[in-house]
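Shown next: final_7.pdb, containing PDB, C-alpha atoms and all ligand atoms.
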```pdb
MODEL        1
ATOM      1  CA  MET Y   1       0.000   0.000   0.000  1.00  0.00           C
ATOM      2  CA  ARG Y   2       2.765   2.378   0.972  1.00  0.00           C
ATOM      3  CA  LYS Y   3       4.642   1.526  -2.221  1.00  0.00           C
ATOM      4  CA  LEU Y   4       1.529   2.227  -4.258  1.00  0.00           C
ATOM      5  CA  ILE Y   5       1.117   5.622  -2.609  1.00  0.00           C
ATOM      6  CA  LEU Y   6       4.769   6.423  -3.270  1.00  0.00           C
ATOM      7  CA  ALA Y   7       4.491   5.363  -6.902  1.00  0.00           C
ATOM      8  CA  THR Y   8       1.330   7.439  -7.304  1.00  0.00           C
ATOM      9  CA  SER Y   9       2.870  10.544  -5.802  1.00  0.00           C
ATOM     10  CA  PHE Y  10       5.941  10.077  -7.952  1.00  0.00           C
ATOM     11  CA  SER Y  11       3.952   9.866 -11.168  1.00  0.00           C
ATOM     12  CA  MET Y  12       1.830  12.836 -10.101  1.00  0.00           C
ATOM     13  CA  ALA Y  13       4.967  14.853  -9.407  1.00  0.00           C
ATOM     14  CA  LEU Y  14       6.292  13.818 -12.807  1.00  0.00           C
ATOM     15  CA  SER Y  15       3.153  14.952 -14.649  1.00  0.00           C
ATOM     16  CA  ALA Y  16       3.232  18.229 -12.745  1.00  0.00           C
ATOM     17  CA  LEU Y  17       6.842  18.694 -13.826  1.00  0.00           C
ATOM     18  CA  VAL Y  18       5.938  18.009 -17.460  1.00  0.00           C
ATOM     19  CA  LEU Y  19       3.109  20.553 -17.268  1.00  0.00           C
ATOM     20  CA  VAL Y  20       5.360  23.182 -15.719  1.00  0.00           C
ATOM     21  CA  THR Y  21       8.046  22.542 -18.351  1.00  0.00           C
ATOM     22  CA  GLN Y  22       5.502  22.909 -21.163  1.00  0.00           C
ATOM     23  CA  ALA Y  23       4.069  26.112 -19.684  1.00  0.00           C
ATOM     24  CA  TYR Y  24       7.597  27.403 -19.286  1.00  0.00           C
ATOM     25  CA  ALA Y  25       8.560  26.722 -22.892  1.00  0.00           C
ATOM     26  CA  GLN Y  26       5.438  28.582 -23.987  1.00  0.00           C
ATOM     27  CA  ALA Y  27       6.209  31.461 -21.658  1.00  0.00           C
ATOM     28  CA  LEU Y  28       9.537  32.058 -23.423  1.00  0.00           C
ATOM     29  CA  PRO Y  29       8.504  31.917 -27.088  1.00  0.00           C
ATOM     30  CA  VAL Y  30      11.469  33.535 -28.846  1.00  0.00           C
ATOM     31  CA  ASN Y  31      14.838  31.977 -29.770  1.00  0.00           C
ATOM     32  CA  GLY Y  32      18.012  33.975 -29.887  1.00  0.00           C
ATOM     33  CA  THR Y  33      21.731  34.300 -29.294  1.00  0.00           C
ATOM     34  CA  VAL Y  34      23.155  36.943 -26.980  1.00  0.00           C
ATOM     35  CA  THR Y  35      25.676  39.088 -28.882  1.00  0.00           C
ATOM     36  CA  LYS Y  36      26.300  41.890 -26.378  1.00  0.00           C
ATOM     37  CA  ILE Y  37      25.534  42.714 -22.742  1.00  0.00           C
ATOM     38  CA  ASP Y  38      25.703  46.284 -21.439  1.00  0.00           C
ATOM     39  CA  GLU Y  39      25.119  46.146 -17.693  1.00  0.00           C
ATOM     40  CA  ALA Y  40      25.674  49.891 -17.242  1.00  0.00           C
ATOM     41  CA  ALA Y  41      22.899  50.684 -19.735  1.00  0.00           C
ATOM     42  CA  GLY Y  42      20.711  47.787 -18.541  1.00  0.00           C
ATOM     43  CA  LYS Y  43      20.563  46.459 -22.089  1.00  0.00           C
ATOM     44  CA  MET Y  44      21.366  43.356 -24.076  1.00  0.00           C
ATOM     45  CA  THR Y  45      21.740  42.773 -27.807  1.00  0.00           C
ATOM     46  CA  ILE Y  46      20.205  39.561 -29.110  1.00  0.00           C
ATOM     47  CA  LYS Y  47      20.240  38.043 -32.574  1.00  0.00           C
ATOM     48  CA  HIS Y  48      16.668  36.782 -32.429  1.00  0.00           C
ATOM     49  CA  GLY Y  49      14.323  34.603 -34.432  1.00  0.00           C
ATOM     50  CA  PRO Y  50      10.806  35.711 -35.417  1.00  0.00           C
ATOM     51  CA  ILE Y  51       8.754  37.376 -32.651  1.00  0.00           C
ATOM     52  CA  GLN Y  52       5.161  36.519 -33.542  1.00  0.00           C
ATOM     53  CA  LYS Y  53       3.368  38.848 -31.160  1.00  0.00           C
ATOM     54  CA  MET Y  54       5.448  41.813 -32.366  1.00  0.00           C
ATOM     55  CA  ASP Y  55       5.006  40.738 -35.994  1.00  0.00           C
ATOM     56  CA  MET Y  56       8.791  40.893 -36.273  1.00  0.00           C
ATOM     57  CA  GLU Y  57      11.152  38.881 -38.422  1.00  0.00           C
ATOM     58  CA  GLY Y  58      14.490  37.636 -37.145  1.00  0.00           C
ATOM     59  CA  MET Y  59      17.145  40.320 -36.683  1.00  0.00           C
ATOM     60  CA  THR Y  60      19.798  41.580 -34.300  1.00  0.00           C
ATOM     61  CA  MET Y  61      18.557  44.283 -31.940  1.00  0.00           C
ATOM     62  CA  VAL Y  62      18.947  45.834 -28.504  1.00  0.00           C
ATOM     63  CA  PHE Y  63      16.527  45.044 -25.691  1.00  0.00           C
ATOM     64  CA  ARG Y  64      16.125  46.660 -22.301  1.00  0.00           C
ATOM     65  CA  ALA Y  65      16.310  44.085 -19.483  1.00  0.00           C
ATOM     66  CA  GLN Y  66      13.427  44.239 -17.022  1.00  0.00           C
ATOM     67  CA  THR Y  67      15.784  43.302 -14.175  1.00  0.00           C
ATOM     68  CA  SER Y  68      19.558  43.668 -13.908  1.00  0.00           C
ATOM     69  CA  GLU Y  69      19.690  40.054 -12.771  1.00  0.00           C
ATOM     70  CA  MET Y  70      18.769  38.998 -16.333  1.00  0.00           C
ATOM     71  CA  LEU Y  71      21.967  40.609 -17.607  1.00  0.00           C
ATOM     72  CA  ARG Y  72      24.027  38.461 -15.245  1.00  0.00           C
ATOM     73  CA  ARG Y  73      22.075  35.260 -15.867  1.00  0.00           C
ATOM     74  CA  VAL Y  74      23.354  34.851 -19.431  1.00  0.00           C
ATOM     75  CA  LYS Y  75      26.643  35.486 -21.225  1.00  0.00           C
ATOM     76  CA  VAL Y  76      27.622  36.680 -24.695  1.00  0.00           C
ATOM     77  CA  GLY Y  77      27.372  33.722 -27.067  1.00  0.00           C
ATOM     78  CA  ASP Y  78      24.668  31.942 -25.042  1.00  0.00           C
ATOM     79  CA  LYS Y  79      21.690  30.528 -26.915  1.00  0.00           C
ATOM     80  CA  VAL Y  80      18.577  31.715 -25.124  1.00  0.00           C
ATOM     81  CA  ARG Y  81      14.799  31.662 -25.094  1.00  0.00           C
ATOM     82  CA  PHE Y  82      13.098  34.853 -24.053  1.00  0.00           C
ATOM     83  CA  ASP Y  83       9.910  36.866 -23.990  1.00  0.00           C
ATOM     84  CA  VAL Y  84       9.520  40.531 -24.711  1.00  0.00           C
ATOM     85  CA  ASP Y  85       6.928  43.242 -24.140  1.00  0.00           C
ATOM     86  CA  LYS Y  86       6.765  46.865 -25.082  1.00  0.00           C
ATOM     87  CA  ILE Y  87       7.029  48.733 -21.755  1.00  0.00           C
ATOM     88  CA  ASN Y  88       7.115  52.551 -21.781  1.00  0.00           C
ATOM     89  CA  GLY Y  89       7.795  52.403 -25.512  1.00  0.00           C
ATOM     90  CA  GLN Y  90      10.854  50.208 -25.089  1.00  0.00           C
ATOM     91  CA  MET Y  91      11.281  46.617 -26.171  1.00  0.00           C
ATOM     92  CA  THR Y  92      11.810  45.024 -22.779  1.00  0.00           C
ATOM     93  CA  LEU Y  93      12.897  41.497 -21.915  1.00  0.00           C
ATOM     94  CA  THR Y  94      10.387  40.093 -19.444  1.00  0.00           C
ATOM     95  CA  GLY Y  95      12.032  36.672 -19.161  1.00  0.00           C
ATOM     96  CA  ILE Y  96      15.163  34.966 -20.437  1.00  0.00           C
ATOM     97  CA  GLU Y  97      16.796  31.582 -19.945  1.00  0.00           C
ATOM     98  CA  LYS Y  98      19.853  29.929 -21.433  1.00  0.00           C
ATOM     99  CA  THR Y  99      19.056  26.900 -23.597  1.00  0.00           C
ATOM    100  CA  LYS Y 100      21.235  23.927 -24.498  1.00  0.00           C
TER
HETATM  101 CU    CU S   1      13.817  42.596 -33.643  1.00  0.00          CU
ENDMDL
END
```

Please rewrite the model in this file as structure tokens.
Amino acid sequence: MRKLILATSFSMALSALVLVTQAYAQALPVNGTVTKIDEAAGKMTIKHGPIQKMDMEGMTMVFRAQTSEMLRRVKVGDKVRFDVDKINGQMTLTGIEKTK
């Protein structure tokens, strides 16, 4: 009985993890490569793929980072996934993670 409960909780934890991972991948919809990080300016240059919600093709451009921590989380040359919103008229990174 105890083993069954353990197995059940394990598989439930696993499905929860899968769900979180899927939600996460969706939350960071854009691919890119970091080409420059300017901590003083709070900005990062990314060579990015298409950004559907901005109706934007792939290009290299500068983004403002929503938090300074984002600028330290990744390095130049890292492949990343990120999300962006227009905040106060500026293209602003709202999330970024290094990918493999
Ligand atoms: Cu762009």

Residue nearest Val74 of chain Y - candidates Y:Leu4, Y:Ile51, Y:Met12, Y:Ile96, atoms counted: all atoms listed in the file: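 So, comparing all the options, the nearest one is Y:Ile96.
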
Go ahead and compute the interatomic distance for atom CA of Met91 of chain Y and atom CA of Arg72 of chain Y, in Å to one decimal. 18.7 Å

Please return as an mmCIF file with C-alpha atoms, in the frame of the given file the residues found within 8 Å of ligand CU 1 (chain S), counting only C-alpha atoms and all ligand atoms.
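Output contents, as saved in result_9.cif:
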```cif
data_model
loop_
_atom_site.group_PDB
_atom_site.id
_atom_site.type_symbol
_atom_site.label_atom_id
_atom_site.label_comp_id
_atom_site.auth_asym_id
_atom_site.auth_seq_id
_atom_site.Cartn_x
_atom_site.Cartn_y
_atom_site.Cartn_z
ATOM 1 C CA LYS Y 47 20.240 38.043 -32.574
ATOM 2 C CA HIS Y 48 16.668 36.782 -32.429
ATOM 3 C CA PRO Y 50 10.806 35.711 -35.417
ATOM 4 C CA ILE Y 51 8.754 37.376 -32.651
ATOM 5 C CA MET Y 56 8.791 40.893 -36.273
ATOM 6 C CA GLU Y 57 11.152 38.881 -38.422
ATOM 7 C CA GLY Y 58 14.490 37.636 -37.145
ATOM 8 C CA MET Y 59 17.145 40.320 -36.683
ATOM 9 C CA THR Y 60 19.798 41.580 -34.300
ATOM 10 C CA MET Y 61 18.557 44.283 -31.940
ATOM 11 C CA VAL Y 62 18.947 45.834 -28.504
#
```

Atom CA of Leu93 of chain Y and atom CA of Arg73 of chain Y, how far apart in Å?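 Going from atom CA of Arg73 of chain Y over to atom CA of Leu93 of chain Y, I get 12.6 Å.
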
Using all atoms listed in the file, which of the listed residues (Y:Val30, Y:Ile87, Y:Leu6, Y:Ile37) sits closest to Glu69 of chain Y?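 Checking each candidate against Glu69 of chain Y, we get Y:Ile37 as the closest.
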
I want to know what sits within 10 Å of Glu39 of chain Y, based on all atoms listed in the file, with residues of the same chain fewer than 2 positions away left out; could you give that as number ranges by chain? Y: 36-37, 41-44, 65, 68-72

Which residues would end up in the selection if the PyMOL selection byres (((chain Y and resi 78) around 10) and not hetatm) were applied here, given that I need the answer as a ChimeraX atom specification? /Y:32-35,46,74-77,79-81,97-100

Report, in Å with one decimal, the straight-line distance from atom CA of Ala13 of chain Y to atom CA of Asp83 of chain Y.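 Computed distance, atom CA of Ala13 of chain Y to atom CA of Asp83 of chain Y, equals 26.9 Å.
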
Name the closest residue to Gly89 of chain Y among the candidates Y:Phe63, Y:Asp55, Y:Asp38, Y:Thr8; distances are taken between atoms, counting all atoms listed in the file. Y:Phe63

Residues proximal to (2.2, 30.6, -32.2) were defined as those with any atom within 9 Å of that point in the file's coordinates, counting all atoms listed in the file. Which are they, as a compact mmCIF listing (two decimals) with C-alpha atoms, keeping the file's coordinate frame?
```txt
# COMPACT_ATOMS: atom_id res chain seq x y z
CA PRO Y 29 8.50 31.92 -27.09
CA GLN Y 52 5.16 36.52 -33.54
CA LYS Y 53 3.37 38.85 -31.16
```

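Candidate residues Y:Ser11, Y:Asp85, Y:Ala16, Y:Arg2 were compared for distance to Arg64 of chain Y, and the nearest is Y:Asp85, using all atoms listed in the file.
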
Because some atoms of segment 44-57 of chain Y are absent here, can you restore N, CA and C atoms and send them as a short mmCIF file (atom, residue, chain, number, x, y, z; two decimals), keeping the file's coordinate frame?
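File produced: part_2.cif:
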```cif
data_model
loop_
_atom_site.label_atom_id
_atom_site.label_comp_id
_atom_site.auth_asym_id
_atom_site.auth_seq_id
_atom_site.Cartn_x
_atom_site.Cartn_y
_atom_site.Cartn_z
N MET Y 44 20.75 44.55 -23.52
CA MET Y 44 21.37 43.36 -24.08
C MET Y 44 21.02 43.30 -25.56
N THR Y 45 22.00 42.94 -26.37
CA THR Y 45 21.74 42.77 -27.81
C THR Y 45 21.55 41.28 -28.09
N ILE Y 46 20.50 40.96 -28.80
CA ILE Y 46 20.20 39.56 -29.11
C ILE Y 46 19.92 39.42 -30.60
N LYS Y 47 20.59 38.43 -31.21
CA LYS Y 47 20.24 38.04 -32.57
C LYS Y 47 19.06 37.10 -32.43
N HIS Y 48 17.86 37.56 -32.75
CA HIS Y 48 16.67 36.78 -32.43
C HIS Y 48 15.94 36.24 -33.65
N GLY Y 49 15.20 35.15 -33.41
CA GLY Y 49 14.32 34.60 -34.43
C GLY Y 49 13.04 35.42 -34.48
N PRO Y 50 12.07 34.98 -35.29
CA PRO Y 50 10.81 35.71 -35.42
C PRO Y 50 10.11 35.91 -34.07
N ILE Y 51 9.55 37.10 -33.85
CA ILE Y 51 8.75 37.38 -32.65
C ILE Y 51 7.32 37.58 -33.12
N GLN Y 52 6.51 36.50 -32.97
CA GLN Y 52 5.16 36.52 -33.54
C GLN Y 52 4.30 37.66 -33.03
N LYS Y 53 4.30 37.86 -31.71
CA LYS Y 53 3.37 38.85 -31.16
C LYS Y 53 3.75 40.27 -31.52
N MET Y 54 5.02 40.48 -31.94
CA MET Y 54 5.45 41.81 -32.37
C MET Y 54 5.41 41.91 -33.89
N ASP Y 55 5.03 40.80 -34.55
CA ASP Y 55 5.01 40.74 -35.99
C ASP Y 55 6.38 41.12 -36.56
N MET Y 56 7.42 40.52 -35.96
CA MET Y 56 8.79 40.89 -36.27
C MET Y 56 9.55 39.69 -36.80
N GLU Y 57 10.28 39.93 -37.89
CA GLU Y 57 11.15 38.88 -38.42
C GLU Y 57 12.41 38.78 -37.57
#
```
